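**Q** My structure file query00.pdb, PDB, C-alpha atoms, is below:
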```pdb
ATOM      1  CA  MET A 157       8.407 -13.209 -10.337  1.00  0.00           C
ATOM      2  CA  SER A 158       8.748 -12.311  -6.678  1.00  0.00           C
ATOM      3  CA  GLU A 159       6.514 -10.144  -4.539  1.00  0.00           C
ATOM      4  CA  ASN A 160       7.204  -7.799  -1.656  1.00  0.00           C
ATOM      5  CA  THR A 161       4.175  -7.262   0.539  1.00  0.00           C
ATOM      6  CA  ASN A 162       3.219  -4.174   2.523  1.00  0.00           C
ATOM      7  CA  THR A 163       0.001  -4.591   4.485  1.00  0.00           C
ATOM      8  CA  GLU A 164      -2.105  -1.666   5.635  1.00  0.00           C
ATOM      9  CA  ASN A 165      -5.217  -1.962   7.759  1.00  0.00           C
ATOM     10  CA  ILE A 166      -8.148   0.289   6.912  1.00  0.00           C
ATOM     11  CA  SER A 167     -10.122   1.720   9.833  1.00  0.00           C
ATOM     12  CA  ALA A 168     -13.868   1.116  10.139  1.00  0.00           C
ATOM     13  CA  HIS A 169     -16.298   3.702   8.810  1.00  0.00           C
ATOM     14  CA  GLU A 170     -16.118   6.874  10.880  1.00  0.00           C
ATOM     15  CA  GLY A 171     -19.370   8.046  12.413  1.00  0.00           C
ATOM     16  CA  VAL A 172     -20.736   4.522  12.936  1.00  0.00           C
ATOM     17  CA  ASP A 173     -21.945   3.988  16.509  1.00  0.00           C
ATOM     18  CA  ALA A 174     -19.866   1.715  18.743  1.00  0.00           C
ATOM     19  CA  ALA A 175     -22.368  -1.166  18.693  1.00  0.00           C
ATOM     20  CA  ALA A 176     -22.304  -1.415  14.890  1.00  0.00           C
ATOM     21  CA  ALA A 177     -18.514  -0.996  14.551  1.00  0.00           C
ATOM     22  CA  PRO A 178     -17.526  -4.634  15.324  1.00  0.00           C
ATOM     23  CA  ALA A 179     -19.991  -5.895  12.705  1.00  0.00           C
ATOM     24  CA  ALA A 180     -18.597  -3.468  10.135  1.00  0.00           C
ATOM     25  CA  GLU A 181     -15.022  -4.570  10.879  1.00  0.00           C
ATOM     26  CA  ALA A 182     -15.946  -8.233  10.440  1.00  0.00           C
ATOM     27  CA  HIS A 183     -17.077  -7.616   6.849  1.00  0.00           C
ATOM     28  CA  GLN A 184     -14.142  -5.391   6.006  1.00  0.00           C
ATOM     29  CA  GLU A 185     -11.253  -6.893   4.036  1.00  0.00           C
ATOM     30  CA  GLU A 186      -7.616  -5.986   4.464  1.00  0.00           C
ATOM     31  CA  VAL A 187      -5.951  -3.814   1.805  1.00  0.00           C
ATOM     32  CA  SER A 188      -2.419  -4.843   0.854  1.00  0.00           C
ATOM     33  CA  TYR A 189       0.165  -3.761  -1.698  1.00  0.00           C
ATOM     34  CA  HIS A 190       2.334  -6.167  -3.704  1.00  0.00           C
ATOM     35  CA  ALA A 191       5.432  -5.069  -5.605  1.00  0.00           C
ATOM     36  CA  VAL A 192       5.766  -6.997  -8.875  1.00  0.00           C
ATOM     37  CA  GLU A 193       9.416  -7.528  -9.749  1.00  0.00           C
ATOM     38  CA  LYS A 194      10.831  -8.517 -13.139  1.00  0.00           C
ATOM     39  CA  SER A 195      14.567  -8.839 -13.848  1.00  0.00           C
ATOM     40  CA  GLY A 196      15.390  -7.211 -10.505  1.00  0.00           C
ATOM     41  CA  LYS A 197      13.235  -4.111 -11.073  1.00  0.00           C
ATOM     42  CA  ILE A 198       9.806  -3.287  -9.680  1.00  0.00           C
ATOM     43  CA  THR A 199       7.509  -2.997 -12.689  1.00  0.00           C
ATOM     44  CA  ALA A 200       4.144  -2.541 -10.952  1.00  0.00           C
ATOM     45  CA  ILE A 201       2.457  -2.285  -7.578  1.00  0.00           C
ATOM     46  CA  TRP A 202      -0.783  -4.186  -7.111  1.00  0.00           C
ATOM     47  CA  GLU A 203      -3.387  -2.948  -4.645  1.00  0.00           C
ATOM     48  CA  MET A 204      -5.336  -5.920  -3.320  1.00  0.00           C
ATOM     49  CA  LYS A 205      -8.449  -6.043  -1.163  1.00  0.00           C
ATOM     50  CA  GLY A 206      -8.490  -9.499   0.322  1.00  0.00           C
ATOM     51  CA  ARG A 207      -7.730 -11.738  -2.653  1.00  0.00           C
ATOM     52  CA  LYS A 208      -9.211  -9.343  -5.226  1.00  0.00           C
ATOM     53  CA  HIS A 209      -6.985  -7.124  -7.408  1.00  0.00           C
ATOM     54  CA  VAL A 210      -8.307  -3.568  -7.092  1.00  0.00           C
ATOM     55  CA  ARG A 211      -5.851  -1.587  -9.219  1.00  0.00           C
ATOM     56  CA  THR A 212      -2.298  -1.386 -10.553  1.00  0.00           C
ATOM     57  CA  ILE A 213      -0.074   1.522  -9.500  1.00  0.00           C
ATOM     58  CA  ASP A 214       2.883   2.681 -11.587  1.00  0.00           C
ATOM     59  CA  PRO A 215       6.002   2.631  -9.375  1.00  0.00           C
ATOM     60  CA  ARG A 216       7.251   5.784 -11.152  1.00  0.00           C
ATOM     61  CA  SER A 217       4.158   7.779 -10.132  1.00  0.00           C
ATOM     62  CA  ALA A 218       4.101   9.953  -7.015  1.00  0.00           C
ATOM     63  CA  GLU A 219       1.906   7.421  -5.213  1.00  0.00           C
ATOM     64  CA  GLY A 220       4.121   4.541  -6.309  1.00  0.00           C
ATOM     65  CA  ARG A 221       7.270   6.304  -5.079  1.00  0.00           C
ATOM     66  CA  HIS A 222       5.516   7.070  -1.790  1.00  0.00           C
ATOM     67  CA  LEU A 223       4.532   3.418  -1.303  1.00  0.00           C
ATOM     68  CA  LEU A 224       8.085   2.305  -2.071  1.00  0.00           C
ATOM     69  CA  GLY A 225       9.540   4.913   0.280  1.00  0.00           C
ATOM     70  CA  HIS A 226      11.405   6.899  -2.369  1.00  0.00           C
ATOM     71  CA  THR A 227      11.864  10.657  -2.308  1.00  0.00           C
ATOM     72  CA  ASP A 228      12.940  13.288  -4.847  1.00  0.00           C
ATOM     73  CA  ASN A 229      13.944  15.732  -2.105  1.00  0.00           C
ATOM     74  CA  SER A 230      17.764  15.744  -1.979  1.00  0.00           C
ATOM     75  CA  GLU A 231      17.788  17.316   1.519  1.00  0.00           C
ATOM     76  CA  ALA A 232      15.676  14.465   2.868  1.00  0.00           C
ATOM     77  CA  VAL A 233      18.009  11.922   1.244  1.00  0.00           C
ATOM     78  CA  GLN A 234      21.090  13.584   2.796  1.00  0.00           C
ATOM     79  CA  SER A 235      19.558  13.790   6.276  1.00  0.00           C
ATOM     80  CA  ALA A 236      18.390  10.186   6.089  1.00  0.00           C
ATOM     81  CA  SER A 237      21.877   8.930   5.240  1.00  0.00           C
ATOM     82  CA  VAL A 238      23.595  10.819   8.121  1.00  0.00           C
TER      83      VAL A 238
END
```
Written as structure tokens, that's how I'd like the structure from this file.

**A**
Amino acid sequence: MSENTNTENISAHEGVDAAAAPAAEAHQEEVSYHAVEKSGKITAIWEMKGRKHVRTIDPRSAEGRHLLGHTDNSEAVQSASV
């Protein structure tokens, strides 16, 4: 099993005053996404917060396709390949 990793930083809570923001960022863990591959196909996407598994995303779902960079719009596919 191999994993492809896409890391996304989450911003600190909005509306927190500037003095409290660094403390909030220190306790915040990074959210990352791991593509689980089996027999050359991505079978699941794991959302991780630090080392903890938060949820599993189906790669066929709209969110899964978005995370993998896929599109169903044929015009977008044509313009991207030009």

**Q** Carefully work through the PyMOL selection byres ((chain A and resi 204) around 10) for this structure and note down the residues it includes, as a short mmCIF file (atom, residue, chain, number, x, y, z; two decimals) with C-alpha atoms, in the coordinates of the input.

**A**
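Output saved as expr-v6.cif:
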```
data_model
loop_
_atom_site.label_atom_id
_atom_site.label_comp_id
_atom_site.auth_asym_id
_atom_site.auth_seq_id
_atom_site.Cartn_x
_atom_site.Cartn_y
_atom_site.Cartn_z
CA THR A 163 0.00 -4.59 4.49
CA GLU A 185 -11.25 -6.89 4.04
CA GLU A 186 -7.62 -5.99 4.46
CA VAL A 187 -5.95 -3.81 1.80
CA SER A 188 -2.42 -4.84 0.85
CA TYR A 189 0.16 -3.76 -1.70
CA HIS A 190 2.33 -6.17 -3.70
CA ILE A 201 2.46 -2.28 -7.58
CA TRP A 202 -0.78 -4.19 -7.11
CA GLU A 203 -3.39 -2.95 -4.64
CA LYS A 205 -8.45 -6.04 -1.16
CA GLY A 206 -8.49 -9.50 0.32
CA ARG A 207 -7.73 -11.74 -2.65
CA LYS A 208 -9.21 -9.34 -5.23
CA HIS A 209 -6.98 -7.12 -7.41
CA VAL A 210 -8.31 -3.57 -7.09
CA ARG A 211 -5.85 -1.59 -9.22
CA THR A 212 -2.30 -1.39 -10.55
#
```

**Q** Quick one: distance from CA of Asp214 (chain A) to CA of Ala200 (chain A) in Å, one decimal?

**A**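 Interatomic distance here is 5.4 Å.
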
**Q** Evaluate the PyMOL selection byres ((chain A and resi 216) around 12) and record the selected residues as a list in words, following the chain and residue labels used in the document.

**A**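 Applying the expression gives Lys197, Ile198, Thr199, Ala200, Ile201, Thr212, Ile213, Asp214, Pro215, Ser217, Ala218, Glu219, Gly220, Arg221, His222, Leu223, Leu224, Gly225, His226, Thr227 and Asp228 of chain A.
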